[in-house]
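Quick notes on the structure that follows.
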Amino acid sequence: MARATMRPIRWPSGLAPKPQPISSAPKPADVLPACDYLVVTWTVAEALALADVLTPGYGSKSDWYNYAKDYASTYSPLIRMGAPASQSKRLGSYFVTKIGGKKVLCFKSELHMSQDGPKLPIKLLWKQLIAETGAKLIITTGTAGGIGSAIELGDVVIAKSVRFDCTKTFKNSAFHNGAYVCSTVNNKYMKTAVNQLMPANTNHLPNLPTAKRTPNVFTKATGSIKPLDVVTTDFFAFDDTNDNYGLRGLGSAVEMGDAVLGLAVQEIGATAPRWTAIRNASDPQIDGSQTLAEQKTNAAQIYEKYGYWTTVCSAIATWAVIAGD
């Protein structure tokens with residue numbers, strides 16, 4: 001994806017992310033390094049932005065290490081032919097960074113709930129990532145569609161809960177409408193993130209230069225933005241002015257995977273780490289006067305243009321949560 005170069009972010013003293021390349025590059029079959037924090041993202045655009053923010057100088061495509069532990073023996077039989085992981089023959093890629101001395105593993109997943117098929121291998125991967133890294137806080141992050149007209153491009157939702165709204169592949173599963181409460185996180189650096197760090201690159205978001213608006217990070221519900229939950233669908237759904245997919249009232253952002261982390265944590269039980277979902281709006285509410293096909297095209301075009309730049313916002317919010325923890 002063609003994009004301008006991200007402007008330098010003026011991090012607080014001692015809290016700038018410091019990438020940690022591994023002296024002897026790990027093999028794909030190796031276990032992941034132990035870390036304090038695990039940050040998982042999902043798409044190419046999200047990984048590009050996360051790398052530019054948290055592993056600067058080490059690109060997600062060129063420098064992150066491939067990870068394929070147990071891919072052939074365990075995961076391959078569970079993945080639908082044609083899914084991203086079946087083509088890449090790996091589970092993901094990763095790089096280590098430090099934030100204020102805290103070790104953070106950034107991970108781009110090749111598995112996707114909506115694309116891998118009915119055996120849900122991403123749940124198994126979550127358990128493997130948690131066991132191998134020993135991280136005390138897990139963050140799933142990246143792009144989402146805003147639910148409701150009050151969520152604008154670049155706004156970030158730090159979820160109170162994640163919930164399934166499965167109506168296709170997993171509509172008959174026991175978890176099809178399950179909800180999971182996220183862990184509480186420390187937001188003491190969030191004002192710094194919004195007021196000092198995000199403005200360096202918000203000129204790439206629509207209307208923001210003239211409106212002089214910095215994206216909002218919502219850490220609590222408001223009168224127009226509630227509940228502050230992330231909704232996980234099992235297909236590409238988005239909010240439109242007609243509420244075509246019935247998302248209103250379920251949450252403030254919709255995507256296709258975060259609730260699987262909640263499900264995995266529930267199954268792990270008392271020994272599970274803390275976890276949360278941090279999502280940025282890469283698609284706003286879509287005009288419902290268009291045909292559904294036109295709306296899908298419109299949403300895809302908006303994502304293509306702004307997916308990277310909106311993810312810069314959620315990557316900075318992720319930094320703030322880790323820095324404050």
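Labeling convention for the structure tokens: chains A, B, ... as they appear, residues from 1 per chain, ligands from 1 in order of appearance.
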Neighbours of A:Phe164 within 7 Å (only C-alpha atoms; same-chain residues fewer than 3 positions away dropped), as a VMD selection string? chain A and resid 176 to 179 231 to 233 259
Per-residue DSSP, stretch 33-280 of chain A, filtered to helix (DSSP H, G or I), as a ChimeraX atom specification: /A:44-54,71-78,84-88,121-133,190-200,202-204,208-211,258-271
Among the residues A:Gly257, A:Pro56, A:Gly142, A:Gly251, the one that comes closest to A:Ile278 [using only C-alpha atoms]: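 Going through A:Gly257, A:Pro56, A:Gly142, A:Gly251 one by one, the smallest distance to A:Ile278 is for A:Gly142.
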Between atom CA of A:Tyr94 and atom CA of A:Tyr67, what distance in Å does the model show, to one decimal?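 Value for the atom CA of A:Tyr94-atom CA of A:Tyr67 distance: 7.3 Å.
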Find the residues around stretch 238-249 of chain A up to 6 Å (only C-alpha atoms counted), leave out those fewer than 2 positions away in its own chain, and share them as a VMD selection string. chain A and resid 145 147 251 285 to 288
Keeping only N, CA and C atoms, write the selected residues to a file as a compact mmCIF listing (two decimals), in the first residue's frame.
# COMPACT_ATOMS: atom_id res chain seq x y z
N GLY A 145 -14.67 -1.26 12.18
CA GLY A 145 -15.69 -0.34 11.70
C GLY A 145 -16.34 0.35 12.89
N ILE A 147 -19.27 1.92 15.02
CA ILE A 147 -20.71 1.69 15.15
C ILE A 147 -21.33 2.98 15.67
N GLY A 251 -22.22 -2.58 20.61
CA GLY A 251 -20.89 -2.07 20.89
C GLY A 251 -20.61 -0.81 20.11
N GLN A 285 -19.48 5.02 10.00
CA GLN A 285 -20.81 4.58 9.63
C GLN A 285 -21.03 4.90 8.14
N ILE A 286 -21.55 3.92 7.39
CA ILE A 286 -21.69 4.05 5.94
C ILE A 286 -23.10 4.54 5.58
N ASP A 287 -23.19 5.31 4.51
CA ASP A 287 -24.47 5.85 4.03
C ASP A 287 -25.38 4.71 3.57
N GLY A 288 -26.49 4.53 4.26
CA GLY A 288 -27.41 3.45 3.97
C GLY A 288 -28.28 3.65 2.75
Quick one: residues within 12 Å of A:Ala72, only C-alpha atoms counted, chain neighbours fewer than 3 positions away excluded, as a PyMOL selection string? chain A and resi 28-29+67-69+75-79+85-86+88-91
Would you save the residues of that selection, restricted to N, CA and C atoms, as a PDB file, in the first residue's frame?
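The result, stored in again_9.pdb:
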ATOM      1  N   PRO A  28      11.645 -20.292  12.105  1.00  0.00           N
ATOM      2  CA  PRO A  28      10.183 -20.292  12.210  1.00  0.00           C
ATOM      3  C   PRO A  28       9.633 -21.322  13.181  1.00  0.00           C
ATOM      4  N   ALA A  29      10.325 -22.440  13.343  1.00  0.00           N
ATOM      5  CA  ALA A  29       9.828 -23.503  14.228  1.00  0.00           C
ATOM      6  C   ALA A  29      10.152 -23.256  15.695  1.00  0.00           C
ATOM      7  N   TYR A  67       7.014 -17.039  12.147  1.00  0.00           N
ATOM      8  CA  TYR A  67       6.683 -17.971  13.230  1.00  0.00           C
ATOM      9  C   TYR A  67       5.767 -19.058  12.681  1.00  0.00           C
ATOM     10  N   ALA A  68       6.209 -20.315  12.786  1.00  0.00           N
ATOM     11  CA  ALA A  68       5.429 -21.435  12.249  1.00  0.00           C
ATOM     12  C   ALA A  68       5.480 -22.648  13.175  1.00  0.00           C
ATOM     13  N   LYS A  69       5.613 -22.404  14.472  1.00  0.00           N
ATOM     14  CA  LYS A  69       5.710 -23.504  15.441  1.00  0.00           C
ATOM     15  C   LYS A  69       4.478 -24.407  15.353  1.00  0.00           C
ATOM     16  N   TYR A  75      -1.666 -27.249  12.917  1.00  0.00           N
ATOM     17  CA  TYR A  75      -2.566 -26.227  12.395  1.00  0.00           C
ATOM     18  C   TYR A  75      -3.033 -26.465  10.959  1.00  0.00           C
ATOM     19  N   SER A  76      -2.142 -26.936  10.121  1.00  0.00           N
ATOM     20  CA  SER A  76      -2.491 -27.090   8.712  1.00  0.00           C
ATOM     21  C   SER A  76      -3.774 -27.883   8.482  1.00  0.00           C
ATOM     22  N   PRO A  77      -3.998 -29.002   9.221  1.00  0.00           N
ATOM     23  CA  PRO A  77      -5.232 -29.751   9.013  1.00  0.00           C
ATOM     24  C   PRO A  77      -6.497 -28.992   9.444  1.00  0.00           C
ATOM     25  N   LEU A  78      -6.322 -27.938  10.243  1.00  0.00           N
ATOM     26  CA  LEU A  78      -7.474 -27.197  10.765  1.00  0.00           C
ATOM     27  C   LEU A  78      -7.862 -26.006   9.902  1.00  0.00           C
ATOM     28  N   ILE A  79      -7.023 -25.673   8.930  1.00  0.00           N
ATOM     29  CA  ILE A  79      -7.194 -24.424   8.183  1.00  0.00           C
ATOM     30  C   ILE A  79      -7.784 -24.697   6.805  1.00  0.00           C
ATOM     31  N   ALA A  85      -3.178 -18.242   6.030  1.00  0.00           N
ATOM     32  CA  ALA A  85      -2.134 -19.085   6.617  1.00  0.00           C
ATOM     33  C   ALA A  85      -1.823 -20.294   5.750  1.00  0.00           C
ATOM     34  N   SER A  86      -2.807 -20.820   5.025  1.00  0.00           N
ATOM     35  CA  SER A  86      -2.557 -21.978   4.162  1.00  0.00           C
ATOM     36  C   SER A  86      -1.678 -21.603   2.988  1.00  0.00           C
ATOM     37  N   SER A  88       0.658 -18.825   3.209  1.00  0.00           N
ATOM     38  CA  SER A  88       1.960 -18.392   3.726  1.00  0.00           C
ATOM     39  C   SER A  88       2.709 -19.511   4.438  1.00  0.00           C
ATOM     40  N   LYS A  89       1.990 -20.568   4.843  1.00  0.00           N
ATOM     41  CA  LYS A  89       2.569 -21.712   5.561  1.00  0.00           C
ATOM     42  C   LYS A  89       3.208 -21.288   6.886  1.00  0.00           C
ATOM     43  N   ARG A  90       2.615 -20.316   7.525  1.00  0.00           N
ATOM     44  CA  ARG A  90       3.100 -19.893   8.839  1.00  0.00           C
ATOM     45  C   ARG A  90       1.931 -19.377   9.659  1.00  0.00           C
ATOM     46  N   LEU A  91       2.186 -19.189  10.963  1.00  0.00           N
ATOM     47  CA  LEU A  91       1.155 -18.712  11.878  1.00  0.00           C
ATOM     48  C   LEU A  91       1.205 -17.204  12.054  1.00  0.00           C
TER      49      LEU A  91
END
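Proximity to A:Asn216 was assessed for A:Leu48, A:Ala83, A:Val156, A:Met113 counting only C-alpha atoms; the smallest distance is recorded for A:Val156.
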Grab the atom CA of A:Ser114 to atom CA of A:Leu32 distance for me, in Å with one decimal place.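 Computing the Euclidean distance for atom CA of A:Ser114 and atom CA of A:Leu32 yields 24.9 Å.
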Exercise: A:Thr311 partners within 8 Å, only C-alpha atoms, chain neighbours under 5 positions left out, as number ranges by chain: A: 45-46, 49-50, 142-143, 154, 280, 282
Let's have the selection written as a PDB file, in the first residue's frame, with C-alpha atoms.
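Contents of part03.pdb, freshly written:
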ATOM      1  CA  ALA A  45      -1.832  -2.325   6.983  1.00  0.00           C
ATOM      2  CA  GLU A  46      -2.127  -2.821  10.748  1.00  0.00           C
ATOM      3  CA  ALA A  49       1.591   0.850  11.264  1.00  0.00           C
ATOM      4  CA  LEU A  50       2.351  -1.112  14.432  1.00  0.00           C
ATOM      5  CA  GLY A 142      -6.027  -2.874  14.874  1.00  0.00           C
ATOM      6  CA  THR A 143      -8.750  -1.628  12.582  1.00  0.00           C
ATOM      7  CA  GLY A 154      -9.058   7.497  13.738  1.00  0.00           C
ATOM      8  CA  ASN A 280      -9.393   2.135  15.849  1.00  0.00           C
ATOM      9  CA  SER A 282     -10.862   2.690   9.927  1.00  0.00           C
TER      10      SER A 282
END
Using only C-alpha atoms, find the one residue out of A:Gly101, A:Pro215, A:Gly148, A:Pro206 that sits nearest to A:Leu15.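 Result for the nearest residue to A:Leu15: A:Gly101.
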I'd like the interatomic distance between atom CA of A:Pro284 and atom CA of A:Cys313, to a tenth of an Å.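 Taking atom CA of A:Pro284 as the start and atom CA of A:Cys313 as the end point, the length is 15.0 Å.
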Residue nearest A:Leu137 - candidates A:Thr97, A:Gln301, A:Thr276, A:Asn195, atoms counted: only C-alpha atoms: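 Of all the options, A:Thr276 lies closest to A:Leu137.
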Write out as a PyMOL selection string all residues of stretch 169-291 of chain A that backbone DSSP assigns to strand (DSSP E). chain A and resi 179-181+217-218+229-232+253-255+274-283
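Residue nearest A:Asp258, chosen from A:Thr43, A:Asn203, A:Asn187, A:Thr140 and counting only C-alpha atoms: A:Thr140.
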Do a neighbour search on A:Lys127 at 9 Å with only C-alpha atoms, toss out local chain neighbours closer than 6 positions, and write the hits as a ChimeraX atom specification. /A:261,264-265,268
From the options A:Cys166, A:Leu153, A:Met256, A:Val53, which residue's atoms come nearest to A:Lys98, counting only C-alpha atoms?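 Checking each of A:Cys166, A:Leu153, A:Met256, A:Val53 against A:Lys98, counting only C-alpha atoms, the winner is A:Val53.
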For A:Val40, work out the shell of residues within 7 Å, counting only C-alpha atoms and skipping chain neighbours fewer than 2 positions away, then give it as a ChimeraX atom specification. /A:38,42,106-109,139-141
Requested write-out: N, CA and C atoms of the selected residues, as a PDB file, in the first residue's frame:
ATOM      1  N   LEU A  38       2.230  -8.832  25.220  1.00  0.00           N
ATOM      2  CA  LEU A  38       2.035  -9.378  23.884  1.00  0.00           C
ATOM      3  C   LEU A  38       0.998  -8.529  23.159  1.00  0.00           C
ATOM      4  N   TRP A  42      -3.484  -7.874  12.924  1.00  0.00           N
ATOM      5  CA  TRP A  42      -4.096  -8.846  12.022  1.00  0.00           C
ATOM      6  C   TRP A  42      -3.888  -8.624  10.534  1.00  0.00           C
ATOM      7  N   CYS A 106       5.564  -7.847  19.593  1.00  0.00           N
ATOM      8  CA  CYS A 106       4.560  -7.447  18.601  1.00  0.00           C
ATOM      9  C   CYS A 106       4.389  -8.594  17.608  1.00  0.00           C
ATOM     10  N   PHE A 107       3.158  -9.012  17.363  1.00  0.00           N
ATOM     11  CA  PHE A 107       2.877 -10.210  16.574  1.00  0.00           C
ATOM     12  C   PHE A 107       1.818  -9.908  15.532  1.00  0.00           C
ATOM     13  N   LYS A 108       2.079 -10.294  14.284  1.00  0.00           N
ATOM     14  CA  LYS A 108       1.083 -10.178  13.217  1.00  0.00           C
ATOM     15  C   LYS A 108       0.570 -11.578  12.900  1.00  0.00           C
ATOM     16  N   SER A 109      -0.708 -11.839  13.127  1.00  0.00           N
ATOM     17  CA  SER A 109      -1.276 -13.171  12.940  1.00  0.00           C
ATOM     18  C   SER A 109      -1.607 -13.437  11.478  1.00  0.00           C
ATOM     19  N   ILE A 139      -2.781  -7.780  24.372  1.00  0.00           N
ATOM     20  CA  ILE A 139      -3.561  -6.746  23.692  1.00  0.00           C
ATOM     21  C   ILE A 139      -3.809  -7.179  22.258  1.00  0.00           C
ATOM     22  N   THR A 140      -5.067  -7.251  21.858  1.00  0.00           N
ATOM     23  CA  THR A 140      -5.413  -7.432  20.456  1.00  0.00           C
ATOM     24  C   THR A 140      -5.820  -6.070  19.919  1.00  0.00           C
ATOM     25  N   THR A 141      -5.262  -5.699  18.775  1.00  0.00           N
ATOM     26  CA  THR A 141      -5.433  -4.322  18.314  1.00  0.00           C
ATOM     27  C   THR A 141      -5.468  -4.225  16.799  1.00  0.00           C
TER      28      THR A 141
END
